[in-house]
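Reproduced below: model_2.txt, with compact mmCIF, C-alpha atoms and all ligand atoms.
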# COMPACT_ATOMS: atom_id res chain seq x y z
CA MET A 1224 -27.20 32.38 -12.05
CA LYS A 1225 -26.65 31.88 -8.35
CA LYS A 1226 -23.34 30.38 -7.39
CA ASN A 1227 -24.91 27.69 -5.23
CA ASP A 1228 -27.89 26.85 -7.36
CA ILE A 1229 -27.91 23.14 -6.60
CA PRO A 1230 -30.18 21.85 -9.38
CA ASP A 1231 -28.05 23.74 -11.87
CA LEU A 1232 -24.80 22.42 -10.38
CA VAL A 1233 -26.16 18.88 -10.52
CA LYS A 1234 -27.12 19.29 -14.18
CA ARG A 1235 -23.66 20.57 -15.00
CA MET A 1236 -21.99 17.78 -13.06
CA LEU A 1237 -24.04 15.16 -14.89
CA THR A 1238 -22.70 16.48 -18.16
CA GLY A 1239 -19.20 15.95 -16.79
CA GLU A 1240 -18.25 19.37 -15.51
CA THR A 1241 -15.49 18.80 -12.96
CA LEU A 1242 -15.88 22.13 -11.17
CA ALA A 1243 -19.54 21.45 -10.55
CA ALA A 1244 -18.68 18.07 -8.99
CA ALA A 1245 -16.08 19.71 -6.76
CA ARG A 1246 -18.51 22.40 -5.69
CA LEU A 1247 -21.19 19.84 -4.87
CA ILE A 1248 -18.81 17.80 -2.73
CA SER A 1249 -17.88 20.94 -0.79
CA LEU A 1250 -21.52 21.91 -0.35
CA ALA A 1251 -22.45 18.42 0.83
CA GLU A 1252 -19.51 18.43 3.22
CA ASN A 1253 -20.05 21.84 4.75
CA SER A 1254 -23.78 22.45 4.78
CA ASP A 1255 -27.08 20.68 5.10
CA SER A 1256 -27.66 21.04 1.37
CA ASN A 1257 -26.39 17.46 1.12
CA GLU A 1258 -30.00 16.33 1.43
CA GLU A 1259 -31.07 18.20 -1.68
CA ILE A 1260 -27.97 17.05 -3.56
CA ILE A 1261 -28.47 13.39 -2.69
CA LYS A 1262 -32.13 13.60 -3.66
CA LEU A 1263 -31.27 14.95 -7.10
CA ILE A 1264 -28.41 12.55 -7.85
CA THR A 1265 -29.88 9.32 -6.50
CA PRO A 1266 -31.32 8.27 -9.92
CA HIS A 1267 -27.77 8.49 -11.30
CA VAL A 1268 -25.80 6.48 -8.73
CA GLY A 1269 -24.86 2.82 -8.49
CA ASN A 1270 -22.49 2.41 -11.41
CA ALA A 1271 -19.11 3.00 -9.77
CA TYR A 1272 -17.04 0.25 -8.17
CA ILE A 1273 -15.80 1.41 -4.78
CA ILE A 1274 -12.45 0.38 -3.35
CA GLY A 1275 -11.21 1.17 0.15
CA ILE A 1276 -7.49 1.35 0.86
CA THR A 1277 -6.60 1.31 4.51
CA GLY A 1278 -3.53 0.66 6.64
CA ALA A 1279 -1.19 2.24 9.17
CA PRO A 1280 0.44 5.62 8.46
CA GLY A 1281 3.19 5.50 5.85
CA VAL A 1282 2.64 1.97 4.53
CA GLY A 1283 2.27 3.38 1.02
CA LYS A 1284 -1.48 3.78 0.56
CA SER A 1285 -1.18 6.96 -1.53
CA THR A 1286 1.64 5.56 -3.64
CA LEU A 1287 -0.43 2.44 -4.24
CA THR A 1288 -3.54 4.46 -5.09
CA ASP A 1289 -1.50 6.51 -7.53
CA LYS A 1290 -0.27 3.36 -9.31
CA LEU A 1291 -3.68 1.69 -9.36
CA VAL A 1292 -5.24 4.83 -10.79
CA LYS A 1293 -2.58 5.08 -13.48
CA TYR A 1294 -3.11 1.44 -14.40
CA LEU A 1295 -6.88 1.89 -14.70
CA ARG A 1296 -6.42 5.07 -16.69
CA LEU A 1297 -4.68 2.98 -19.36
CA GLN A 1298 -8.05 1.24 -19.71
CA ASP A 1299 -9.64 4.66 -20.10
CA LYS A 1300 -11.57 4.44 -16.84
CA LYS A 1301 -12.77 7.54 -15.07
CA ILE A 1302 -11.55 7.61 -11.48
CA GLY A 1303 -12.39 9.36 -8.23
CA VAL A 1304 -10.10 9.40 -5.19
CA VAL A 1305 -11.13 10.51 -1.72
CA ALA A 1306 -8.27 10.68 0.78
CA VAL A 1307 -9.63 10.84 4.30
CA ASP A 1308 -7.15 12.68 6.40
CA PRO A 1309 -7.00 11.94 10.10
CA THR A 1310 -5.02 15.04 10.98
CA SER A 1311 -6.76 18.10 12.24
CA PRO A 1312 -8.05 20.42 9.55
CA PHE A 1313 -5.72 23.04 11.00
CA SER A 1314 -2.39 21.28 10.57
CA GLY A 1315 -2.94 20.23 7.00
CA GLY A 1316 0.41 18.45 6.86
CA ALA A 1317 -0.64 15.09 5.51
CA ILE A 1318 -3.18 16.64 3.17
CA LEU A 1319 -0.39 18.58 1.55
CA GLY A 1320 1.71 15.41 1.37
CA ASP A 1321 -1.05 13.53 -0.39
CA ARG A 1322 -1.60 16.37 -2.79
CA ILE A 1323 2.05 16.38 -3.75
CA ARG A 1324 2.23 12.62 -4.21
CA LEU A 1325 -0.88 12.55 -6.34
CA GLN A 1326 0.02 15.75 -8.16
CA GLN A 1327 0.81 14.12 -11.47
CA LEU A 1328 -2.69 12.75 -11.59
CA ALA A 1329 -4.20 16.12 -10.87
CA THR A 1330 -3.68 17.30 -14.43
CA ASP A 1331 -5.70 14.36 -15.80
CA GLU A 1332 -9.30 15.47 -16.28
CA ASN A 1333 -10.54 11.90 -15.85
CA VAL A 1334 -9.09 11.67 -12.36
CA PHE A 1335 -10.83 13.53 -9.58
CA ILE A 1336 -8.89 13.78 -6.30
CA ARG A 1337 -10.25 15.06 -3.05
CA SER A 1338 -8.89 15.27 0.51
CA MET A 1339 -11.33 15.27 3.35
CA ALA A 1340 -10.58 15.97 7.00
CA SER A 1341 -11.83 13.16 9.20
CA ARG A 1342 -12.94 15.55 11.92
CA GLY A 1343 -15.56 18.23 11.94
CA HIS A 1344 -18.46 16.50 10.20
CA LEU A 1345 -21.83 16.76 11.84
CA GLY A 1346 -23.02 13.34 10.73
CA GLY A 1347 -19.57 11.79 11.08
CA ILE A 1348 -16.87 11.17 8.50
CA SER A 1349 -18.56 8.00 7.33
CA SER A 1350 -21.63 9.84 6.07
CA ALA A 1351 -19.53 12.65 4.62
CA THR A 1352 -17.52 10.08 2.64
CA SER A 1353 -20.69 8.31 1.65
CA ASP A 1354 -22.08 11.55 0.18
CA ALA A 1355 -18.82 12.21 -1.69
CA ILE A 1356 -18.90 8.68 -3.10
CA LYS A 1357 -22.44 9.19 -4.37
CA ILE A 1358 -21.54 12.47 -6.01
CA LEU A 1359 -18.49 10.96 -7.74
CA ASP A 1360 -20.59 7.99 -8.79
CA ALA A 1361 -23.21 10.25 -10.39
CA TYR A 1362 -20.38 12.27 -11.93
CA GLY A 1363 -19.58 9.13 -13.90
CA CYS A 1364 -16.55 7.62 -12.18
CA ASP A 1365 -16.02 3.94 -12.99
CA TYR A 1366 -13.86 3.42 -9.92
CA ILE A 1367 -13.76 5.34 -6.67
CA PHE A 1368 -10.86 4.88 -4.24
CA ILE A 1369 -11.19 5.80 -0.58
CA GLU A 1370 -7.83 6.10 1.16
CA THR A 1371 -8.04 6.09 4.93
CA VAL A 1372 -5.52 5.57 7.70
CA GLY A 1373 -6.67 2.47 9.52
CA VAL A 1374 -6.21 3.63 13.06
CA GLY A 1375 -9.42 4.85 14.60
CA GLN A 1376 -12.90 3.45 14.68
CA SER A 1377 -14.25 6.26 12.50
CA GLU A 1378 -11.68 5.50 9.82
CA ILE A 1379 -12.71 1.87 9.90
CA GLU A 1380 -16.32 2.99 9.56
CA VAL A 1381 -15.32 4.67 6.33
CA VAL A 1382 -14.38 1.43 4.63
CA LYS A 1383 -17.83 0.08 5.38
CA ASN A 1384 -18.90 2.24 2.44
CA VAL A 1385 -16.91 0.21 -0.08
CA ASP A 1386 -17.21 -2.91 -2.25
CA THR A 1387 -13.64 -4.17 -1.85
CA THR A 1388 -11.30 -3.30 1.01
CA LEU A 1389 -7.53 -3.49 0.62
CA LEU A 1390 -5.61 -3.69 3.89
CA VAL A 1391 -2.06 -2.54 3.29
CA LEU A 1392 0.74 -3.95 5.46
CA ILE A 1393 4.52 -3.85 5.14
CA PRO A 1394 7.31 -6.25 6.06
CA GLY A 1395 8.44 -6.17 9.68
CA MET A 1396 5.03 -5.36 11.04
CA GLY A 1397 4.78 -8.49 13.20
CA ASP A 1398 3.71 -6.75 16.37
CA GLU A 1399 1.42 -4.42 14.54
CA ILE A 1400 -0.27 -7.30 12.77
CA GLN A 1401 -0.94 -8.80 16.17
CA ALA A 1402 -2.26 -5.49 17.43
CA ILE A 1403 -4.58 -4.81 14.53
CA LYS A 1404 -5.96 -8.27 14.18
CA ALA A 1405 -8.89 -7.54 16.45
CA GLY A 1406 -11.57 -5.91 14.40
CA VAL A 1407 -9.42 -4.89 11.51
CA MET A 1408 -8.27 -8.15 9.93
CA GLU A 1409 -11.87 -9.09 9.15
CA ILE A 1410 -12.43 -6.02 7.05
CA ALA A 1411 -9.73 -7.04 4.55
CA ASP A 1412 -10.98 -8.49 1.27
CA ILE A 1413 -7.42 -8.39 -0.03
CA PHE A 1414 -4.18 -8.12 1.93
CA VAL A 1415 -1.55 -6.03 0.24
CA VAL A 1416 2.00 -6.50 1.47
CA ASN A 1417 3.59 -3.36 0.10
CA LYS A 1418 7.30 -2.50 0.14
CA ALA A 1419 8.05 -6.08 -0.89
CA ASP A 1420 11.55 -4.81 -1.76
CA LYS A 1421 12.27 -4.89 1.98
CA ASP A 1422 13.39 -7.84 4.05
CA GLY A 1423 10.88 -10.02 5.79
CA VAL A 1424 8.13 -10.26 3.16
CA GLU A 1425 7.75 -14.04 3.48
CA ARG A 1426 7.46 -13.74 7.20
CA THR A 1427 4.75 -11.09 6.97
CA VAL A 1428 2.81 -13.25 4.49
CA LEU A 1429 3.15 -16.19 6.87
CA GLU A 1430 1.91 -14.13 9.79
CA ILE A 1431 -1.15 -13.06 7.84
CA GLU A 1432 -1.83 -16.66 6.85
CA MET A 1433 -1.51 -17.75 10.46
CA LEU A 1434 -4.03 -15.15 11.55
CA GLN A 1435 -6.36 -16.25 8.78
CA ASN A 1436 -6.13 -19.82 10.05
CA LEU A 1437 -6.88 -18.68 13.59
CA GLY A 1438 -9.94 -16.70 12.64
CA GLU A 1439 -13.22 -17.97 11.31
CA HIS A 1440 -12.65 -19.94 8.15
CA LYS A 1441 -13.93 -17.95 5.27
CA GLU A 1442 -15.14 -19.66 2.14
CA HIS A 1443 -12.98 -17.28 0.18
CA PRO A 1444 -9.93 -16.37 2.28
CA ALA A 1445 -8.62 -12.93 1.40
CA PRO A 1446 -5.75 -13.25 -1.09
CA ILE A 1447 -2.37 -11.79 -0.17
CA CYS A 1448 -0.76 -9.64 -2.87
CA GLN A 1449 2.89 -8.64 -2.69
CA VAL A 1450 3.60 -5.33 -4.34
CA ILE A 1451 6.26 -2.69 -4.62
CA ALA A 1452 4.05 0.30 -5.20
CA ARG A 1453 7.01 2.65 -5.50
CA ASP A 1454 8.31 0.68 -8.51
CA ASN A 1455 4.91 -0.15 -9.99
CA GLU A 1456 5.45 -3.88 -9.34
CA GLY A 1457 2.56 -6.25 -8.69
CA ILE A 1458 -0.08 -3.70 -9.64
CA GLU A 1459 -1.55 -5.76 -12.47
CA GLN A 1460 -1.95 -8.79 -10.17
CA LEU A 1461 -3.58 -6.59 -7.57
CA VAL A 1462 -6.08 -5.24 -10.09
CA SER A 1463 -6.84 -8.86 -11.06
CA ALA A 1464 -7.40 -9.73 -7.41
CA ILE A 1465 -9.83 -6.82 -7.10
CA GLN A 1466 -11.70 -7.99 -10.19
CA GLU A 1467 -11.81 -11.56 -8.86
CA HIS A 1468 -13.26 -10.31 -5.61
CA HIS A 1469 -15.90 -8.41 -7.57
CA GLU A 1470 -16.77 -11.55 -9.56
CA PHE A 1471 -16.86 -13.65 -6.41
CA LEU A 1472 -19.33 -11.22 -4.82
CA GLN A 1473 -21.54 -11.35 -7.88
CA GLN A 1474 -21.46 -15.15 -8.14
CA LYS A 1475 -22.51 -15.48 -4.52
CA ASN A 1476 -25.21 -12.82 -4.88
CA MET A 1477 -23.31 -10.85 -2.27
CA PHE A 1478 -22.66 -7.76 -4.32
CA ASP A 1479 -26.19 -6.35 -4.07
CA ALA A 1480 -26.72 -7.92 -0.65
CA ASN A 1481 -23.64 -6.13 0.71
CA ARG A 1482 -24.76 -2.84 -0.80
CA LYS A 1483 -28.22 -3.27 0.70
CA GLN A 1484 -26.70 -4.06 4.05
CA ARG A 1485 -24.67 -0.85 3.84
CA LEU A 1486 -27.81 1.03 2.93
CA GLU A 1487 -29.53 -0.37 6.00
CA MET A 1488 -26.67 0.85 8.20
CA GLU A 1489 -26.73 4.23 6.51
CA MET A 1490 -30.48 4.61 6.94
CA LYS A 1491 -30.30 3.66 10.61
CA GLN A 1492 -27.44 6.09 11.14
CA ILE A 1493 -29.32 8.95 9.50
CA ALA A 1494 -32.48 8.14 11.46
CA HIS A 1495 -30.43 8.02 14.64
CA ASN A 1496 -28.80 11.40 13.97
CA LYS A 1497 -32.07 13.04 13.04
CA LEU A 1498 -33.92 11.66 16.04
CA LEU A 1499 -31.17 12.86 18.29
CA GLN A 1500 -31.35 16.33 16.80
CA LYS A 1501 -35.15 16.44 16.92
CA THR A 1502 -35.15 15.26 20.51
CA SER A 1503 -32.78 17.94 21.69
CA GLU A 1504 -34.71 20.59 19.74
CA PHE A 1505 -37.95 19.42 21.29
CA LEU A 1506 -36.38 19.47 24.71
CA GLN A 1507 -35.08 23.01 24.18
CA GLU A 1508 -38.40 24.33 22.95
CA ASN A 1509 -40.83 22.62 25.26
CA TYR A 1510 -39.07 21.91 28.49
CA ASP A 1511 -37.10 23.61 31.12
CA LEU A 1512 -34.14 21.27 31.17
CA ASN A 1513 -32.77 22.70 34.40
CA GLN A 1514 -36.11 22.10 36.05
CA LEU A 1515 -36.08 18.46 34.90
CA ILE A 1516 -32.56 18.01 36.21
CA ASP A 1517 -33.55 19.54 39.55
CA ASP A 1518 -36.58 17.26 39.75
CA VAL A 1519 -34.38 14.21 39.36
CA TYR A 1520 -31.68 15.62 41.61
CA ASN A 1521 -34.24 16.32 44.33
CA LYS A 1522 -35.70 12.82 43.86
CA LYS A 1523 -39.11 14.06 42.82
CA LYS A 1524 -38.80 11.93 39.71
CA ASP A 1525 -36.47 9.28 38.38
CA VAL A 1526 -34.51 9.58 35.13
CA TYR A 1527 -36.39 6.85 33.30
CA SER A 1528 -39.79 8.35 34.02
CA VAL A 1529 -38.61 11.75 32.85
CA ILE A 1530 -37.24 10.39 29.58
CA ASN A 1531 -40.21 8.11 28.94
CA GLU A 1532 -42.61 11.00 29.43
CA LEU A 1533 -40.53 13.08 27.08
CA LEU A 1534 -40.50 10.39 24.41
CA GLU A 1535 -44.25 9.96 24.68
CA GLU A 1536 -44.65 13.67 24.06
CA ILE A 1537 -42.38 13.52 21.01
CA VAL A 1538 -44.25 10.55 19.53
CA LYS A 1539 -47.50 12.50 19.89
N1 LIG A 1601 10.75 0.91 -0.19
C1 LIG A 1601 9.53 1.24 -0.58
N2 LIG A 1601 9.01 2.41 -0.23
C2 LIG A 1601 7.76 2.70 -0.64
C3 LIG A 1601 6.99 1.82 -1.42
N3 LIG A 1601 5.78 2.37 -1.65
C4 LIG A 1601 5.80 3.56 -1.03
N4 LIG A 1601 6.98 3.79 -0.42
C5 LIG A 1601 7.40 4.98 0.35
O1 LIG A 1601 6.73 5.00 1.58
C6 LIG A 1601 6.54 6.36 2.00
C7 LIG A 1601 5.08 6.55 2.39
O2 LIG A 1601 4.28 6.39 1.23
P1 LIG A 1601 2.79 6.94 1.14
O3 LIG A 1601 2.25 6.47 -0.15
O4 LIG A 1601 2.75 8.38 1.40
O5 LIG A 1601 2.13 6.19 2.35
P2 LIG A 1601 0.68 6.42 2.98
O6 LIG A 1601 0.28 5.13 3.54
O7 LIG A 1601 -0.23 7.04 1.97
O8 LIG A 1601 0.98 7.47 4.12
P3 LIG A 1601 -0.09 8.31 4.98
O9 LIG A 1601 -1.16 8.78 4.04
O10 LIG A 1601 0.71 9.41 5.55
O11 LIG A 1601 -0.60 7.37 6.02
C8 LIG A 1601 6.97 7.24 0.85
O12 LIG A 1601 8.24 7.71 1.11
C9 LIG A 1601 6.98 6.27 -0.34
O13 LIG A 1601 7.90 6.63 -1.32
C10 LIG A 1601 7.59 0.57 -1.80
O14 LIG A 1601 6.99 -0.27 -2.48
N5 LIG A 1601 8.85 0.33 -1.35
MG MG A 1602 -1.45 8.80 2.11
Written as structure tokens, how would this file's structure read?
Amino acid sequence: MKKNDIPDLVKRMLTGETLAAARLISLAENSDSNEEIIKLITPHVGNAYIIGITGAPGVGKSTLTDKLVKYLRLQDKKIGVVAVDPTSPFSGGAILGDRIRLQQLATDENVFIRSMASRGHLGGISSATSDAIKILDAYGCDYIFIETVGVGQSEIEVVKNVDTTLLVLIPGMGDEIQAIKAGVMEIADIFVVNKADKDGVERTVLEIEMLQNLGEHKEHPAPICQVIARDNEGIEQLVSAIQEHHEFLQQKNMFDANRKQRLEMEMKQIAHNKLLQKTSEFLQENYDLNQLIDDVYNKKKDVYSVINELLEEIVK
């Protein structure tokens, strides 16, 4: 048997073989075999509930994930965790940190943990995460957690792949709350104020409430959960808040609608990437790019005419 025989790996993964799932995620991440993988697993996806955990560096996202996973394991759920690491694949520092913190879970065969570098993906980290989510879903995970540091746009893109987004904050973040409010506050389905053992919790909660009052009034304002992840406090309430959000989405017929909306974005993104690739290939094969540039530079043609002609050729 070939090592990278994808249909065989998919079969083995569907029977619950962890190594096959791991191999498939690596293949999807590092080669264009993701298309074949996704094709084969698509009939088996759609059962996992996907939770995004985002927030500034060090607010306790991994500690929180660890506690949430342990709580759900008591209910015998199968869990996948994807930690998207913003550091360069060469430093590896934070990846190692996450591995150590989540080490205890690593011996549990019903918990699958994976770190993924946020750089170096052809189609972007968002599509790489999306593929990993699908694989873990087909693998049979009931819950999939995506941990991402909420700093850059691409990390925010990642949480667009999820059903419920937790935005983790900590006491004493006043200025930071102000700074992140643009663009980031809206993505929160649940605010988690972690490190509630520290001073200033009430103030942080108040600041979040104030921002919620400033923004557009949502029918279902995101609840604010106070937790001490380190000490396993407030985890049960947080799980309840996640379940309530799930129920709310279903009641409002938003659960499927949101997933379809994400699918639309994903399809557009893939089409965009493929068109871009096809266009540059076409250009390489059929045109003398330097000649085209010279033509425009020497004012024989204008840029729009050149590109429109090119596009007409491609459409043919
Ligand atoms: N005081 C206190 N410390 C906590 C709590 N939860 C986590 N920590 C500590 O905060 C530090 C950072 O925790 P992590 O879970 O690694 O935070 P993170 O957000 O995953 O960090 P990055 O992945 O590096 O962005 C660790 O030293 C934790 O022990 C808490 O509830 N209270
Ligand atoms: Mg972490």
### Message
as an NGL selection string, please: every protein or nucleic acid residue near ligand LIG 1601 (chain A) (cut-off 9 Å, counting all atoms listed in the file).
### Response
:A and (1277-1289 or 1306-1309 or 1317-1318 or 1320-1321 or 1324 or 1370-1373 or 1391 or 1393 or 1416-1421 or 1450-1456)
### Message
Just want the 12 Å neighbourhood of segment 1512-1518 of chain A, counted on all atoms listed in the file, with same-chain residues fewer than 5 positions away dropped. Output as number ranges by chain.
### Response
A: 1503-1507, 1523-1530, 1532-1533
### Query
Using all atoms listed in the file, which of the listed residues (A:Glu1252, A:Tyr1366, A:Met1339, A:Lys1293) sits closest to Ala1271 of chain A?
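For Ala1271 of chain A, the nearest of the candidates is A:Tyr1366.
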### Query
So which residues fall inside 8 Å of (-26.8, 18.2, -10.2) if we count all atoms listed in the file? Mind giving them as a PyMOL selection string?
chain A and resi 1229-1237+1243+1247+1260+1263-1264
### Task
Work out how far apart atom CA of Val1519 of chain A and atom CA of Leu1498 of chain A are and give it in Å to one decimal.
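About the pair atom CA of Val1519 of chain A and atom CA of Leu1498 of chain A: they are 23.5 Å apart.
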### Query
From the list A:Cys1364, A:Ala1355, A:Leu1291, A:Ile1348, which residue is nearest Glu1459 of chain A when using all atoms listed in the file?
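Of all the options, A:Leu1291 lies closest to Glu1459 of chain A.
Taking atom CA of Ala1245 of chain A as the reference point, atom CA of Gly1303 of chain A is found at 11.1 Å.
Note that the spacing between atom CA of Glu1425 of chain A and atom CA of His1443 of chain A amounts to 21.2 Å.
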How close does segment 1252-1322 of chain A get to segment 1334-1337 of chain A? List, as a Markdown table, each residue of segment 1252-1322 of chain A within 9 Å, its nearest atom pair and the distance in Å to one decimal, counting all atoms listed in the file.
| residue | atom | partner | partner_atom | distance |
| --- | --- | --- | --- | --- |
| A:Val1292 | CA | A:Val1334 | CA | 8.0 |
| A:Arg1296 | CA | A:Val1334 | CA | 8.3 |
| A:Lys1300 | CA | A:Val1334 | CA | 8.9 |
| A:Lys1301 | CA | A:Val1334 | CA | 6.2 |
| A:Ile1302 | CA | A:Val1334 | CA | 4.8 |
| A:Gly1303 | CA | A:Phe1335 | CA | 4.7 |
| A:Val1304 | CA | A:Ile1336 | CA | 4.7 |
| A:Val1305 | CA | A:Arg1337 | CA | 4.8 |
| A:Ala1306 | CA | A:Arg1337 | CA | 6.1 |
| A:Val1307 | CA | A:Arg1337 | CA | 8.5 |
| A:Arg1322 | CA | A:Ile1336 | CA | 8.5 |
Would you save the residues of that selection, restricted to C-alpha atoms, as an mmCIF file, in the coordinates of the input?
data_model
loop_
_atom_site.group_PDB
_atom_site.id
_atom_site.type_symbol
_atom_site.label_atom_id
_atom_site.label_comp_id
_atom_site.auth_asym_id
_atom_site.auth_seq_id
_atom_site.Cartn_x
_atom_site.Cartn_y
_atom_site.Cartn_z
ATOM 1 C CA VAL A 1292 -5.240 4.830 -10.790
ATOM 2 C CA ARG A 1296 -6.420 5.070 -16.690
ATOM 3 C CA LYS A 1300 -11.570 4.440 -16.840
ATOM 4 C CA LYS A 1301 -12.770 7.540 -15.070
ATOM 5 C CA ILE A 1302 -11.550 7.610 -11.480
ATOM 6 C CA GLY A 1303 -12.390 9.360 -8.230
ATOM 7 C CA VAL A 1304 -10.100 9.400 -5.190
ATOM 8 C CA VAL A 1305 -11.130 10.510 -1.720
ATOM 9 C CA ALA A 1306 -8.270 10.680 0.780
ATOM 10 C CA VAL A 1307 -9.630 10.840 4.300
ATOM 11 C CA ARG A 1322 -1.600 16.370 -2.790
#
### Query
Looking at A:Ile1273, A:Ala1411, A:Ile1369, A:Val1268, which one is nearest to ligand MG 1602 (chain A), with distances taken over all atoms listed in the file?
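For ligand MG 1602 (chain A), the nearest of the candidates is A:Ile1369.
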